[in-house]
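Participant: Take this structure, written in structure tokens, and hold onto it; I'll ask about it next.
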Amino acid sequence: MIGAPRPERGASEAPAIEVRDLTMTYDANVVMQGLSFQVRRGEVFVVMGGSGSGKSTLLKHLIGLKQPAQGTILFDNEDFSAADGPARKRVLRRMGVLYQNGALWSGLTLAENVALPLEEFTSLNADVIREVVSLKLALVGLRGFESFYPAAISGGMRKRAALARAVALDPEVLFFDEPSSGLDPITASRLDDLILQLRASFGTTIVVVSHDLASIFKIADRALFLDIEQKTMTALGSPADLRDHPPSEEVHRFLTRSSEGLP
Amino acid sequence: MTAAADGAGAAPAQVELRQEDHRLVAVLGGDWKLEHGTPRFDRLLEDSPAGAGAGERMVRAIGVDARALGAWDSSLLAFLLQAVHYCERHGLEFVAAGLPERMARLLALVRAVPERDLDLAEAKAPWLARLGSAGLSAWQALLASISFTGAVVDSLIRLLLRRVRLRWRDFWVVVQSNGSGALPIVALIALLVGVIIAFLGVVVLERFGAGYYASYLVGFGMLREMGALMTGIIMAGRTGAAFAAELGTMKITEELDAFSTLGISPIDHLVLPRMLGLFVMMPLLTIFADAVGIAGGMLVAVSLMDLNTTQFVGGLLTAVTLSDALLGIFKATIFGLIIGLAGCMKGMQTGSDAGAVGRSATSAVVMGITLIIVANAVVDWLAALLQI
């Protein structure tokens, strides 16, 4: 599964996402600055860094929940942070997000959760939607759980159901916020398999925020390292390369899970 | 962390200062246990003859003699840290050589963590600055309320233009919980309020020989004021808090974000059905409360005065008009909007810590009740102006 399949769709050769000189702030404090990178089409791109380094904040910027304090984020060459109304909606429709705890809508059944984006953005009739929903749930191994409410299933199942919702509209880019958090190693590894399968079958570009080393080495084509001390990115490359030729002490420590040389 | 066996006859912690050349040595003895309390280093310095006036005797270091030390735990660590800090403050050297090895390691571990930069800690701002920032945040809150109200109106317009589909299930859930669900409590409170007004009427009006007019007081009071007001206050506590807690929890579990990143407005999907449900049910509940309250008043009036039901109802009908009842129902509609707005807004503005949902629910209720009473006064004033 190593080596990203070439883009199968999307005529433009532009990177899926391009970030230019991004500065992120939190309550007037600068969290990270000078972030510039591109996410290529069809790759699994991991944002890694220590706790509190701003990984999740970066994700929130990429999916448009937060506005850049400075710099631009282009989604398929389009700056959608500036867009509003229909233009913004069009971009959002091409993304799927899997939140850390799934964020399934607790008042809706699994089928209704997956159906809602379809109802909102397509004019398919109810029968077709029902079939698509069953298909998506089957894709994540939840066939037969259509009428369950999120509270009635386990954490791992909730994440998979949320993944089914995230891929409901066949997004071009899928974002994952800490996919392995709160999961046992086996369930987490199965989720990783699912991520790789999605990429292989649909050519989906995948952006993952994670600090789970096993998962990073398993799925990432390239990884970006956010250094909490220097408040910027200090490494970008394949995790194995970064481990073998770490550009900084901090990257070395992170990728080898060591606390050597720290006070 | 005990270095020696715990004995039933544990000796209390002892410490004594002794001066050796240019060094002050703390001689430790006994068992140092948290439950027995810790000696304080600064007090020890003041009290002991070796400590007093140590400055003049050219003390350059503080050391420890732990040969007589029994069992120990964190209490000893706390004492030693006081000594270390004293040394740092006075430019003395702390000699850890005499300590048990494990204690020396612990001490090193604690000292390895750099103290937080105190400049970062917020200093207490002067009163003018605090007043200013309180004013600014009140202003921000006002702006947020206005923009939230605007967003709801915008969403409502889109609903009327059929560009938004209402989630009917949420709407019916609100209707149910504010309909049959709220009837018992509304009935109880309205009945008691009716009874109270009637008692008031009987006691006060009887003095002027006008007891007959108790029915007028009950009818006028319930229909114009208390029916809507009491229902509003109950609903603010019951439904406003529930809205805030529901939406607040959805904020914390990122369910609201999940709407936003799909490009779906949470206001269309979550706020609108709730507001409309309450908008429909508040007038109906108020009509119910009016009826129950008047019945309660009648019960008191009939049992305490020689009035019969026919006379009570007759008096009521000659005194109050349909516009009194309509005024109450109009108020109820306004109150419904206020409760829905306050509850949903506070819910969606919820922060992200554990106490945030509780604070949102509380402030939704406070804001709801306050605004209801203000709105009630404004409507009464307008009604008086228009002679309704």
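Each chain of the structure tokens is named A, B, ... in the order shown, its residues numbered from 1; ligands are numbered from 1 in display order.
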So that each row is one residue of chain A with an atom at most 8 Å from chain B, can you give its shortest atom pair and the distance in Å to one decimal, using only C-alpha atoms, rows by chain and rising number, as CSV?
Facilitator:
residue,atom,partner,partner_atom,distance
A:Ile63,CA,B:Thr261,CA,6.6
A:Gly64,CA,B:Thr261,CA,7.2
A:Leu65,CA,B:Thr261,CA,7.1
A:Arg88,CA,B:Gly263,CA,7.4
A:Lys89,CA,B:Gly263,CA,4.9
A:Leu92,CA,B:Leu262,CA,5.7
A:Arg93,CA,B:Leu262,CA,6.1
A:Met95,CA,B:Leu262,CA,7.8
A:Gly96,CA,B:Leu262,CA,7.6
A:Val97,CA,B:Thr261,CA,7.4
A:Tyr99,CA,B:Glu254,CA,7.3
A:Asn101,CA,B:Thr253,CA,7.2
A:Ala103,CA,B:Glu255,CA,4.7
A:Leu104,CA,B:Glu255,CA,6.3
A:Trp105,CA,B:Glu255,CA,5.7
A:Pro117,CA,B:Leu262,CA,7.1
A:Glu120,CA,B:Ile264,CA,7.8
A:Pro263,CA,B:Ala112,CA,6.5
Participant: With only C-alpha atoms as the counted atoms, please give the residues lying no more than 7 Å from Val207 (chain A), apart from itself and same-chain residues fewer than 3 positions off, as a PyMOL selection string.
Facilitator: chain A and resi 44-46+174-176
Participant: Kindly export the residues of the current selection with C-alpha atoms, as a short mmCIF file (atom, residue, chain, number, x, y, z; two decimals), in the first residue's frame.
Facilitator:
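Contents of result.cif, as written:
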data_model
loop_
_atom_site.label_atom_id
_atom_site.label_comp_id
_atom_site.auth_asym_id
_atom_site.auth_seq_id
_atom_site.Cartn_x
_atom_site.Cartn_y
_atom_site.Cartn_z
CA VAL A 44 -2.09 10.39 3.04
CA PHE A 45 -0.76 13.49 4.74
CA VAL A 46 -0.21 13.42 8.49
CA LEU A 174 -11.07 13.45 4.05
CA PHE A 175 -9.85 14.92 7.32
CA PHE A 176 -9.26 12.84 10.44
#
Participant: Contacts of region 319-326 of chain B at 9 Å or less, counting only C-alpha atoms, minus same-chain residues fewer than 5 places along, as a list in words?
Facilitator: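 The residues that qualify are Tyr213, Ser215, Tyr216, Gly219, Phe220, Met222, Leu223, Arg224, Ile287, Asp290, Gly314, Lys331 and Ile388 of chain B.
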Participant: Neighbouring residues of region 304-309 of chain B were defined as those with any atom within 8 Å, considering only C-alpha atoms; residues of the same chain fewer than 6 positions away were excluded. Please report them as a PyMOL selection string.
Facilitator: chain B and resi 202+211-212+298
Participant: Quick check, in Å to one decimal: how far apart do CA of Val110 (chain B) and CA of Ala83 (chain B) lie?
Facilitator: 13.5 Å
Participant: Select from region 46-209 of chain A everything DSSP, run on the backbone, classes as alpha helix (DSSP H), then give the selection as a PyMOL selection string.
Facilitator: chain A and resi 55-62+86-93+110-121+126-139+155-166+185-202
Participant: Give the answer as one residue: which of A:Thr109, A:Glu178, A:Lys218, A:Val173 has the shortest atom-to-atom distance to Gly203 (chain A), using only C-alpha atoms?
Facilitator: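 Counting only C-alpha atoms, the residue closest to Gly203 (chain A) is A:Val173.
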Participant: Quick one, how far is CA of Leu62 (chain A) from CA of Ala354 (chain B)?
Facilitator: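 For CA of Leu62 (chain A) relative to CA of Ala354 (chain B), the distance reads 26.6 Å.
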Participant: Quote the spacing between CA of Val153 (chain B) and CA of Val357 (chain B) in Å to one decimal place.
Facilitator: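 Atom-to-atom, CA of Val153 (chain B) to CA of Val357 (chain B), that is 25.1 Å.
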